[in-house]
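What follows is a short report on a single structure.
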Amino acid sequence: MSVITRFAPSPTGFLHIGGARTALFNWLFAQHHGGHMLLRIEDTDRARSTDAAVAAIQDGLHWLGLDWQGEPISQFARAGRHAEIARQLLADGKAYHCYCTPSELAEMRETAKAEGRSLRYDGRWRDRAPDEAPKDAAPVIRLKAPQSGATVINDLVQGEVTVQNTEMDDMVLLRADGTPTYMLAVVVDDHDMAISHIIRGDDHLTNAIRQRQIYDLMGWTAPHFAHIPLIHGADGAKLSKRHGALGVEAYRDMGILPAALRNYLLRLGWSHGDDEIIESEQAIAWFDLDGVGKSAARFDIPRLENLNSHYIRSMDEGELCRLLGAQLQHSLDRDLSPVELDRLPLAIGALKERAKTLIDLADKAQFLVAGRPLAMEEKAAGLLTGDAPALLASAHVCLQSVAEWNLDALTAAVRDLAETEGLKLGKLAQPLRAALTGRNASPGIFEVLFFLGRQESLDRISDHMA
RNA sequence: GUCCCCAUCGUCUAGUGGCCCAGGACGCCGGCCUCUCACGCCGGAAACAGGGGUUCGACUCCCCUUGGGGACGCCA
């Protein structure tokens with residue numbers, strides 16, 4: 001049997017981080033087994049579905065590097081097929097018309113709550129004769145669910161889950177307006193699309209029991225279920241808007257790399273021994289459902305940033321330069337000059353060791369594109385007091401005479417100067433750093449001189465010498 | 001309220017009855033390296049929710065309690 005999974009978001013917003021992980025697991029599982037993933041948009045709630053959300057979800061998936069087979073499938077477009085199944089169930093005596101009004105149902109729930117029972121529909125139309133139906137009311141179609149025994153699913157993550165049928169009511173399949181409910185639509189679509197494995201959040205666990213009843217009554221073989229635990233916010237509560245960054249594009253904007261987010265999301269709820277750094281190719285080879293844990297995980301930004309810094313350091317430098325250039329242009333709100341552009345590949349190796357995010361990287365590259373006179377940070381300004389200006393004047397003279405502006409020559413020149421002045425290197429390096437970068441922390445001072453070039457370096461030094 | 005699920009360091013987790021007075025990673029603390037900041041390296045503090053069983057032996061199996069989460073819509 002070939003493996004076909006599906007990612008089935010409802011288009012009511014961006015690609016939620018939890019949804020992203022669900023998509024990743026579906027994708028990985030399909031890839032691992034040589035199958036493929038389908039994308040189905042659960043848009044049967046017309047009032048809440050938007051095209052913008054559909055686009056945002058696809059963008060998010062693309063950015064994350066997850067692909068699916070064929071065109072996205074609109075669930076709403078298949079409403080006719082769903083209704084057909086509902087009518088078939090009705091004709092077979094496995095479903096029935098129910099004429100309860102919304103207020104009647106609300107009342108039912110309240111009474112049940114007051115009496116401490118579960119909030120279920122009481123099945124009052126289940127066995128009524130058709131001629132008792134009110135003339136002017138449109139009915140819904142409800143499933144005639146089994147009333148005794150139990151319904152069981154063998155979940156690939158959660159194990160065997162059993163619910164007594166007395167705990168469940170007759171769910172609505174088709175609304176009074178003839179449109180299908182989610183519960184019916186998922187089952188029909190998953191069946192028609194030949195989905196072999198349903199991998200989704202465990203908030204759907206009890207839904208799986210209800211869906212199982214439909215499969216059984218239709219005489220269909222149910223797919224394998226795998227309900228993965230939810231992701232919680234850093235405070236342990238359910239992830240919500242109050243926790244800030246939620247959509248994958250928010251992480252992109254924070255300067256997180258797709259590879260890092262993938263690795264992070266993978267390790268949230270799934271493990272392979274003590275392995276931490278797992279790139280996609282390895283993940284595909286290793287991923288399986290038995291590595292998925294059963295308990296919810298909290299989202300931890302420092303951990304994500306740590307992984308991100310790893311991927312920043314290990315990614316192709318040319319590609320990283322391109323990302324850095326784009327980020328710099330964005331924050332500067334101007335194009336980079338050819339001279340500035342040329343500094344990027346020189347400095348990228350030193351810069352990437354120090355960055356946790358792309359934003360961070362651009363910030364640390366700031367001195368490469370800053371105009372004179374340099375804006376001084378407070379701690380840098382402090383390094384330029386006392387005999388620093390005089391020291392810088394000596395440095396200016398010394399550096400002016402450097403024949404070849406390369407790392408070796410610059411290292412030798414600065415070290416020699418420190419020695420002749422009788423100073424520890426730090427005494428000279430810090431004022432130089434301040435003058436050259438406007439900060440008290442940067443890549444090594446010889447490198448900074450090299451990246452900036454002779455003219456720019458001398459100019460920046462002269463701005464602060466006595 | 002009813003039903004379902006879950007429970008190892010602050011966080012993510014390894015652990016499938018003896019290999020565990022519990023291992024790794026992030027974070028944190030200390031040190032080394034050092035022109036600063038990072039990187040890297042070395043070291044440290046830090047957990048089996050509680051109580052009963054089962055067993056020669058429980059982190060591992062069973063039960064209860066507690067705590068957390070989820071579901072109870074003509075939403076998905």
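Ligands are numbered from 1 in the order shown, residues from 1 within each chain, and chains are lettered A, B, ... in the order they appear in the structure tokens.
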
Item checked: Distance filter 6 Å, only C-alpha atoms (C1' of nucleotides), chain A against chain B, as a count of residues only -> 19

Notebook entry, point to check: Tell me, which residues of region 195-224 of chain A carry DSSP strand (DSSP E or B), written as a list of chain:residue names?
Noted result: A:His197, A:Ile198, A:Ile199, A:Arg200, A:Gly201, A:His224

Just write the chosen residues, all heavy atoms, as a PDB file, in the first residue's frame.
```pdb
ATOM      1  N   HIS A 197      -2.617   7.507   5.941  1.00  0.00           N
ATOM      2  CA  HIS A 197      -2.300   7.859   7.324  1.00  0.00           C
ATOM      3  C   HIS A 197      -2.757   9.284   7.621  1.00  0.00           C
ATOM      4  O   HIS A 197      -2.373  10.206   6.905  1.00  0.00           O
ATOM      5  CB  HIS A 197      -0.796   7.781   7.569  1.00  0.00           C
ATOM      6  CG  HIS A 197      -0.246   6.394   7.393  1.00  0.00           C
ATOM      7  ND1 HIS A 197       0.004   5.545   8.440  1.00  0.00           N
ATOM      8  CD2 HIS A 197       0.075   5.719   6.277  1.00  0.00           C
ATOM      9  CE1 HIS A 197       0.465   4.398   7.978  1.00  0.00           C
ATOM     10  NE2 HIS A 197       0.519   4.479   6.663  1.00  0.00           N
ATOM     11  N   ILE A 198      -3.554   9.421   8.646  1.00  0.00           N
ATOM     12  CA  ILE A 198      -3.977  10.750   9.067  1.00  0.00           C
ATOM     13  C   ILE A 198      -3.111  11.151  10.253  1.00  0.00           C
ATOM     14  O   ILE A 198      -3.178  10.571  11.323  1.00  0.00           O
ATOM     15  CB  ILE A 198      -5.459  10.745   9.483  1.00  0.00           C
ATOM     16  CG1 ILE A 198      -6.328  10.438   8.263  1.00  0.00           C
ATOM     17  CG2 ILE A 198      -5.834  12.089  10.104  1.00  0.00           C
ATOM     18  CD1 ILE A 198      -7.813  10.355   8.566  1.00  0.00           C
ATOM     19  N   ILE A 199      -2.236  12.148  10.022  1.00  0.00           N
ATOM     20  CA  ILE A 199      -1.358  12.628  11.084  1.00  0.00           C
ATOM     21  C   ILE A 199      -1.805  14.046  11.419  1.00  0.00           C
ATOM     22  O   ILE A 199      -1.760  14.921  10.558  1.00  0.00           O
ATOM     23  CB  ILE A 199       0.116  12.626  10.615  1.00  0.00           C
ATOM     24  CG1 ILE A 199       0.517  11.207  10.183  1.00  0.00           C
ATOM     25  CG2 ILE A 199       1.030  13.140  11.734  1.00  0.00           C
ATOM     26  CD1 ILE A 199       1.878  11.129   9.495  1.00  0.00           C
ATOM     27  N   ARG A 200      -2.252  14.274  12.622  1.00  0.00           N
ATOM     28  CA  ARG A 200      -2.768  15.596  12.985  1.00  0.00           C
ATOM     29  C   ARG A 200      -2.649  15.807  14.476  1.00  0.00           C
ATOM     30  O   ARG A 200      -2.228  14.919  15.206  1.00  0.00           O
ATOM     31  CB  ARG A 200      -4.218  15.705  12.515  1.00  0.00           C
ATOM     32  CG  ARG A 200      -5.117  14.951  13.325  1.00  0.00           C
ATOM     33  CD  ARG A 200      -6.159  13.998  13.183  1.00  0.00           C
ATOM     34  NE  ARG A 200      -7.318  14.308  12.415  1.00  0.00           N
ATOM     35  CZ  ARG A 200      -8.425  13.573  12.391  1.00  0.00           C
ATOM     36  NH1 ARG A 200      -8.551  12.474  13.128  1.00  0.00           N
ATOM     37  NH2 ARG A 200      -9.423  13.910  11.638  1.00  0.00           N
ATOM     38  N   GLY A 201      -2.998  16.987  14.943  1.00  0.00           N
ATOM     39  CA  GLY A 201      -2.885  17.308  16.361  1.00  0.00           C
ATOM     40  C   GLY A 201      -3.836  16.473  17.208  1.00  0.00           C
ATOM     41  O   GLY A 201      -4.891  16.055  16.725  1.00  0.00           O
ATOM     42  N   HIS A 224      -5.025   4.803   8.891  1.00  0.00           N
ATOM     43  CA  HIS A 224      -4.332   4.739  10.171  1.00  0.00           C
ATOM     44  C   HIS A 224      -4.371   6.137  10.769  1.00  0.00           C
ATOM     45  O   HIS A 224      -4.217   7.121  10.045  1.00  0.00           O
ATOM     46  CB  HIS A 224      -2.877   4.319   9.973  1.00  0.00           C
ATOM     47  CG  HIS A 224      -2.743   2.922   9.451  1.00  0.00           C
ATOM     48  ND1 HIS A 224      -3.023   1.818  10.221  1.00  0.00           N
ATOM     49  CD2 HIS A 224      -2.383   2.456   8.237  1.00  0.00           C
ATOM     50  CE1 HIS A 224      -2.837   0.722   9.498  1.00  0.00           C
ATOM     51  NE2 HIS A 224      -2.452   1.085   8.287  1.00  0.00           N
TER      52      HIS A 224
END
```

Next item on the list: Excluding C28 (chain B) and any residue of its chain fewer than 2 positions from it, enumerate the residues within 10 Å of it, using only C-alpha atoms (C1' of nucleotides), and give them as a list in words.
Entry: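 Counting only the stated atoms, we get G10, A45 and A46 of chain B.
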
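Take CA of Pro229 (chain A) and CA of Gly149 (chain A): the distance between them is 27.6 Å.
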
Check: Residues at most 12 Å from Gln88 (chain A), counting only C-alpha atoms (C1' of nucleotides), excluding those fewer than 3 positions away in the same chain, as a VMD selection string?
Finding: chain A and resid 81 to 85 91 to 96 141 143 173 to 174 217 to 218

Next item on the list: Please provide as a PyMOL selection string all residues within 10 Å of Pro223 (chain A), with the sequence filter that same-chain residues fewer than 2 positions apart are discarded (counting only C-alpha atoms (C1' of nucleotides)).
Entry: chain A and resi 4-5+187+190-191+194-198+212+215+220-221+225-226

Show which residues sit within 10 Å of region 355-357 of chain A, as a compact mmCIF listing (two decimals) with C-alpha atoms (C1' of nucleotides), in the first residue's frame. Count only C-alpha atoms (C1' of nucleotides), and ignore same-chain residues fewer than 2 positions away.
```txt
# COMPACT_ATOMS: atom_id res chain seq x y z
CA TYR A 251 9.80 33.53 12.55
CA ARG A 252 11.01 34.39 9.09
CA ASP A 253 10.80 38.06 10.08
CA MET A 254 12.79 37.31 13.22
CA GLY A 255 15.58 36.10 10.95
CA ILE A 256 15.07 32.39 11.51
CA LEU A 257 16.21 30.07 8.72
CA PRO A 302 16.47 30.27 22.98
CA LEU A 304 15.39 27.72 18.31
CA GLU A 305 17.98 30.49 18.19
CA ASN A 306 20.74 28.10 19.11
CA LEU A 307 19.78 25.83 16.25
CA ASN A 308 19.48 28.86 14.00
CA SER A 309 23.00 30.00 14.79
CA HIS A 310 24.19 26.53 13.88
CA TYR A 311 22.48 26.67 10.49
CA ILE A 312 23.73 30.20 9.88
CA ARG A 313 27.29 28.99 10.46
CA ALA A 350 33.78 36.32 10.87
CA LEU A 351 30.27 37.70 11.19
CA LYS A 352 28.40 34.43 11.02
CA GLU A 353 30.21 33.06 14.07
CA ILE A 359 18.56 40.27 12.09
CA ASP A 360 21.41 39.82 14.50
CA LEU A 361 23.79 39.20 11.62
CA ALA A 362 22.77 42.42 9.90
CA ASP A 363 23.15 44.30 13.14
CA LYS A 364 26.69 43.02 13.61
CA ALA A 365 27.47 43.88 9.98
C1' A B 38 31.24 35.34 19.79
```
